[in-house]
2 protein chains.
Amino acid sequence: MNAPNVPDIVISRLPVYLRALQFMEQQGIKTTSSVSLGEKVGISAAQIRKDLSQFGEFGKQGTGYDVNELIEQLQQILHVQKVRDVVLVGMGELGHAILRYGGFINRGFRICHCYDNDPAKIGKMIGEYKILDVADLGKTIRECNVKMAMLCTPAITAQTITDIMVESGIKAILNYAPVSLNVPKDVRVQYIDPVIGLQRMAYYLNKK
Amino acid sequence: MNAPNVPDIVISRLPVYLRALQFMEQQGIKTTSSVSLGEKVGISAAQIRKDLSQFGEFGKQGTGYDVNELIEQLQQILHVQKVRDVVLVGMGELGHAILRYGGFINRGFRICHCYDNDPAKIGKMIGEYKILDVADLGKTIRECNVKMAMLCTPAITAQTITDIMVESGIKAILNYAPVSLNVPKDVRVQYIDPVIGLQRMAYYLNKK
């Protein structure tokens with residue numbers, strides 16, 4: 001199930017397939033096809049079949065995919081069947097919203113600690129979470145052996161925080177700050193950027 | 001510059017190229033190549049050249065791309081050289097964070113109105129914005145002829161709000177709620193979902 005050298009562009013689509021399948025599962029749908037899945041995610045059926053074929057055989061000719069089975073297989077490929085710890089840095093409005101976000105459940109991630117540098121916020125409780133001092137960020141990342149982080153500080157402090165995280169062992173950063181981060185080659189960054197989604201849709205508005 | 005029937009998967013990559021080029025521009029970089037751009041966005045140089053070739057000729061053999069020129073061309077293709085109005089629905093912590101987000105500037109979008117259904121919030125000012133009553137959502141969308149929306153209500157009200165927006169003429173929705181939206185075929189939805197980014201990165205953590 002672990003294929004060598006699959007292009008990142010293929011990997012980037014697997015979570016999209018997984019989410020669509022989990023929506024289907026919630027709606028009680030038991031089987032699907034590459035055509036039906038493709039319509040839901042806006043990717044061609046042929047592309048979906050080609051992507052999945054990189055990891056082995058899925059589904060059956062004529063009967064399609066068993067939704068639950070394909071969910072489990074994708075979870076295995078992405079290694080998100082277990083729950084992984086993520087630190088959250090920057091407890092402004094966005095940090096609060098992420099902490100309360102309902103979409104992490106059953107999808108492989110758990111926020112383990114959250115941090116801020118504002119003395120007025122440090123020590124405060126948000127639900128079950130106590131806001132920690134960002135001065136302890138490196139120490140706690142090392143102690144808990146955390147590898148993933150969500151960064152929602154202001155743009156101006158994002159690089160400084162990133163440097164501390166990378167030095168402490170973080171290997172994957174989800175960056176909400178509207179700024180490009182410099183990281184070593186073995187660290188991955190994904191940007192959460194509403195403008196990317198808006199621009200993609202704007203293309204179609206103008207075609208009409 | 002307007003190519004017919006370009007696959008959506010190609011369109012989805014153009015904003016990513018555009019953002020990387022705008023980062024380069026900010027850093028004072030004048031020219032780039034498909035190889036260098038590819039390294040920044042994690043997409044192969046061949047794919048970038050193939051994507052751009054759908055819209056005509058870009059760059060010169062041997063000298064690469066003029067960064068400013070390619071920015072302008074991509075902005076034209078995506079029709080984001082002008083500023084487009086977007087409504088924002090749901091003024092919880094996330095809505096507040098989006099309203100203050102610094103990343104919209106010069107990228108083609110402007111939040112024109114924001115809405116909530118909470119009487120304690122309606123009428124309040126956030127910077128230059130007054131929070132409007134969501135009961136007036138349909139009316140104001142029609143009056144201002146807005147076509148795009150950002151949805152950050154709780155999951156439970158997301159579909160109801162979506163129905164009102166679609167009925168009032170919204171054609172593109174950026175959905176922050178962790179729920180699948182049902183819309184007619186001529187309406188586009190993009191999901192802002194942190195888990196997609198985390199899962200994509202998780203794949204690589206486990207390969208080691």
# chains A, B, ... in the order shown; residues from 1 in each chain; ligands from 1
>>> interface_residues(of="chain B", to="chain A", cutoff="7 Å", atoms="only C-alpha atoms", output="count of residues only")
33
>>> select_by_dssp(residues="stretch 60-198 of chain A", states="strand (DSSP E or B)", output="ChimeraX atom specification")
/A:60,64-66,84-89,109-116,125-126,129-133,148-151,172-175,188-191
>>> select_by_dssp(residues="stretch 6-116 of chain B", states="helix (DSSP H, G or I)", output="JSON, numbers by chain")
{"B": [8, 9, 10, 11, 12, 13, 14, 15, 16, 17, 18, 19, 20, 21, 22, 23, 24, 25, 26, 34, 35, 36, 37, 38, 39, 40, 41, 45, 46, 47, 48, 49, 50, 51, 52, 53, 67, 68, 69, 70, 71, 72, 73, 74, 75, 76, 77, 78, 93, 94, 95, 96, 97, 98, 99, 100]}
>>> residues_around(residues="A:Gln61", least_positions_apart="5", cutoff="12 Å", atoms="only C-alpha atoms", output="PDB file with N, CA, C and O atoms, in the first residue's frame")
ATOM      1  N   THR A  32     -19.948   3.245  -4.786  1.00  0.00           N
ATOM      2  CA  THR A  32     -19.841   4.380  -5.702  1.00  0.00           C
ATOM      3  C   THR A  32     -18.972   3.970  -6.895  1.00  0.00           C
ATOM      4  O   THR A  32     -18.451   2.849  -6.925  1.00  0.00           O
ATOM      5  N   SER A  33     -18.855   4.860  -7.848  1.00  0.00           N
ATOM      6  CA  SER A  33     -18.029   4.601  -9.028  1.00  0.00           C
ATOM      7  C   SER A  33     -17.073   5.774  -9.209  1.00  0.00           C
ATOM      8  O   SER A  33     -17.252   6.833  -8.601  1.00  0.00           O
ATOM      9  N   SER A  34     -16.084   5.583 -10.073  1.00  0.00           N
ATOM     10  CA  SER A  34     -15.154   6.685 -10.331  1.00  0.00           C
ATOM     11  C   SER A  34     -15.894   7.847 -11.010  1.00  0.00           C
ATOM     12  O   SER A  34     -15.547   9.008 -10.800  1.00  0.00           O
ATOM     13  N   ARG A  49      -9.194   6.915 -11.402  1.00  0.00           N
ATOM     14  CA  ARG A  49      -8.750   5.519 -11.552  1.00  0.00           C
ATOM     15  C   ARG A  49      -7.229   5.450 -11.675  1.00  0.00           C
ATOM     16  O   ARG A  49      -6.592   4.583 -11.086  1.00  0.00           O
ATOM     17  N   ASP A  66     -16.600  -0.160  -3.029  1.00  0.00           N
ATOM     18  CA  ASP A  66     -17.268  -0.218  -1.739  1.00  0.00           C
ATOM     19  C   ASP A  66     -16.784   1.008  -0.956  1.00  0.00           C
ATOM     20  O   ASP A  66     -15.577   1.178  -0.736  1.00  0.00           O
TER      21      ASP A  66
END
>>> atom_distance(atom1="atom CA of A:Tyr115", atom2="atom CA of A:Met91")
6.4 Å
>>> decode(residues="stretch 138-160 of chain B", atoms="N, CA, C and O atoms", output="PDB file, in the first residue's frame")
ATOM      1  N   GLY B 138     -30.541  37.976   1.083  1.00  0.00           N
ATOM      2  CA  GLY B 138     -31.005  37.840  -0.305  1.00  0.00           C
ATOM      3  C   GLY B 138     -31.198  39.191  -0.976  1.00  0.00           C
ATOM      4  O   GLY B 138     -30.754  39.413  -2.106  1.00  0.00           O
ATOM      5  N   LYS B 139     -31.823  40.104  -0.245  1.00  0.00           N
ATOM      6  CA  LYS B 139     -32.112  41.446  -0.772  1.00  0.00           C
ATOM      7  C   LYS B 139     -30.816  42.182  -1.157  1.00  0.00           C
ATOM      8  O   LYS B 139     -30.698  42.721  -2.273  1.00  0.00           O
ATOM      9  N   THR B 140     -29.848  42.184  -0.267  1.00  0.00           N
ATOM     10  CA  THR B 140     -28.616  42.935  -0.536  1.00  0.00           C
ATOM     11  C   THR B 140     -27.770  42.267  -1.626  1.00  0.00           C
ATOM     12  O   THR B 140     -27.114  42.948  -2.409  1.00  0.00           O
ATOM     13  N   ILE B 141     -27.802  40.939  -1.686  1.00  0.00           N
ATOM     14  CA  ILE B 141     -27.070  40.244  -2.761  1.00  0.00           C
ATOM     15  C   ILE B 141     -27.626  40.673  -4.112  1.00  0.00           C
ATOM     16  O   ILE B 141     -26.877  40.978  -5.045  1.00  0.00           O
ATOM     17  N   ARG B 142     -28.967  40.728  -4.207  1.00  0.00           N
ATOM     18  CA  ARG B 142     -29.588  41.108  -5.483  1.00  0.00           C
ATOM     19  C   ARG B 142     -29.316  42.576  -5.801  1.00  0.00           C
ATOM     20  O   ARG B 142     -28.949  42.915  -6.926  1.00  0.00           O
ATOM     21  N   GLU B 143     -29.467  43.438  -4.796  1.00  0.00           N
ATOM     22  CA  GLU B 143     -29.259  44.871  -5.018  1.00  0.00           C
ATOM     23  C   GLU B 143     -27.853  45.175  -5.515  1.00  0.00           C
ATOM     24  O   GLU B 143     -27.650  46.004  -6.394  1.00  0.00           O
ATOM     25  N   CYS B 144     -26.862  44.492  -4.913  1.00  0.00           N
ATOM     26  CA  CYS B 144     -25.470  44.788  -5.259  1.00  0.00           C
ATOM     27  C   CYS B 144     -24.948  43.864  -6.349  1.00  0.00           C
ATOM     28  O   CYS B 144     -23.788  43.980  -6.748  1.00  0.00           O
ATOM     29  N   ASN B 145     -25.794  42.928  -6.794  1.00  0.00           N
ATOM     30  CA  ASN B 145     -25.417  41.991  -7.864  1.00  0.00           C
ATOM     31  C   ASN B 145     -24.128  41.237  -7.530  1.00  0.00           C
ATOM     32  O   ASN B 145     -23.237  41.094  -8.365  1.00  0.00           O
ATOM     33  N   VAL B 146     -24.048  40.755  -6.307  1.00  0.00           N
ATOM     34  CA  VAL B 146     -22.863  40.015  -5.865  1.00  0.00           C
ATOM     35  C   VAL B 146     -22.976  38.571  -6.344  1.00  0.00           C
ATOM     36  O   VAL B 146     -24.062  37.996  -6.345  1.00  0.00           O
ATOM     37  N   LYS B 147     -21.848  38.012  -6.775  1.00  0.00           N
ATOM     38  CA  LYS B 147     -21.846  36.645  -7.312  1.00  0.00           C
ATOM     39  C   LYS B 147     -21.065  35.659  -6.447  1.00  0.00           C
ATOM     40  O   LYS B 147     -21.135  34.454  -6.668  1.00  0.00           O
ATOM     41  N   MET B 148     -20.282  36.184  -5.508  1.00  0.00           N
ATOM     42  CA  MET B 148     -19.426  35.299  -4.702  1.00  0.00           C
ATOM     43  C   MET B 148     -19.689  35.476  -3.212  1.00  0.00           C
ATOM     44  O   MET B 148     -20.007  36.580  -2.756  1.00  0.00           O
ATOM     45  N   ALA B 149     -19.537  34.373  -2.465  1.00  0.00           N
ATOM     46  CA  ALA B 149     -19.781  34.414  -1.028  1.00  0.00           C
ATOM     47  C   ALA B 149     -18.769  33.571  -0.278  1.00  0.00           C
ATOM     48  O   ALA B 149     -18.266  32.578  -0.802  1.00  0.00           O
ATOM     49  N   MET B 150     -18.482  33.988   0.954  1.00  0.00           N
ATOM     50  CA  MET B 150     -17.722  33.151   1.881  1.00  0.00           C
ATOM     51  C   MET B 150     -18.657  32.775   3.011  1.00  0.00           C
ATOM     52  O   MET B 150     -19.300  33.640   3.618  1.00  0.00           O
ATOM     53  N   LEU B 151     -18.726  31.488   3.296  1.00  0.00           N
ATOM     54  CA  LEU B 151     -19.703  30.963   4.253  1.00  0.00           C
ATOM     55  C   LEU B 151     -18.971  30.434   5.473  1.00  0.00           C
ATOM     56  O   LEU B 151     -18.223  29.457   5.370  1.00  0.00           O
ATOM     57  N   CYS B 152     -19.170  31.064   6.625  1.00  0.00           N
ATOM     58  CA  CYS B 152     -18.524  30.548   7.839  1.00  0.00           C
ATOM     59  C   CYS B 152     -19.502  30.514   9.000  1.00  0.00           C
ATOM     60  O   CYS B 152     -19.151  30.864  10.119  1.00  0.00           O
ATOM     61  N   THR B 153     -20.698  30.073   8.698  1.00  0.00           N
ATOM     62  CA  THR B 153     -21.707  29.815   9.728  1.00  0.00           C
ATOM     63  C   THR B 153     -21.422  28.454  10.353  1.00  0.00           C
ATOM     64  O   THR B 153     -20.625  27.683   9.825  1.00  0.00           O
ATOM     65  N   PRO B 154     -22.098  28.119  11.464  1.00  0.00           N
ATOM     66  CA  PRO B 154     -22.016  26.730  11.944  1.00  0.00           C
ATOM     67  C   PRO B 154     -22.546  25.767  10.871  1.00  0.00           C
ATOM     68  O   PRO B 154     -23.367  26.149  10.027  1.00  0.00           O
ATOM     69  N   ALA B 155     -22.060  24.535  10.908  1.00  0.00           N
ATOM     70  CA  ALA B 155     -22.448  23.518   9.914  1.00  0.00           C
ATOM     71  C   ALA B 155     -23.966  23.389   9.802  1.00  0.00           C
ATOM     72  O   ALA B 155     -24.509  23.235   8.712  1.00  0.00           O
ATOM     73  N   ILE B 156     -24.642  23.485  10.913  1.00  0.00           N
ATOM     74  CA  ILE B 156     -26.076  23.202  10.950  1.00  0.00           C
ATOM     75  C   ILE B 156     -26.916  24.207  10.150  1.00  0.00           C
ATOM     76  O   ILE B 156     -27.974  23.855   9.624  1.00  0.00           O
ATOM     77  N   THR B 157     -26.437  25.440  10.009  1.00  0.00           N
ATOM     78  CA  THR B 157     -27.202  26.430   9.236  1.00  0.00           C
ATOM     79  C   THR B 157     -26.636  26.656   7.829  1.00  0.00           C
ATOM     80  O   THR B 157     -27.203  27.420   7.041  1.00  0.00           O
ATOM     81  N   ALA B 158     -25.560  25.980   7.496  1.00  0.00           N
ATOM     82  CA  ALA B 158     -24.856  26.248   6.234  1.00  0.00           C
ATOM     83  C   ALA B 158     -25.743  26.012   5.002  1.00  0.00           C
ATOM     84  O   ALA B 158     -25.729  26.817   4.064  1.00  0.00           O
ATOM     85  N   GLN B 159     -26.527  24.932   5.007  1.00  0.00           N
ATOM     86  CA  GLN B 159     -27.345  24.639   3.825  1.00  0.00           C
ATOM     87  C   GLN B 159     -28.472  25.663   3.650  1.00  0.00           C
ATOM     88  O   GLN B 159     -28.754  26.098   2.525  1.00  0.00           O
ATOM     89  N   THR B 160     -29.109  26.047   4.746  1.00  0.00           N
ATOM     90  CA  THR B 160     -30.184  27.046   4.669  1.00  0.00           C
ATOM     91  C   THR B 160     -29.669  28.355   4.082  1.00  0.00           C
ATOM     92  O   THR B 160     -30.292  28.950   3.193  1.00  0.00           O
TER      93      THR B 160
END
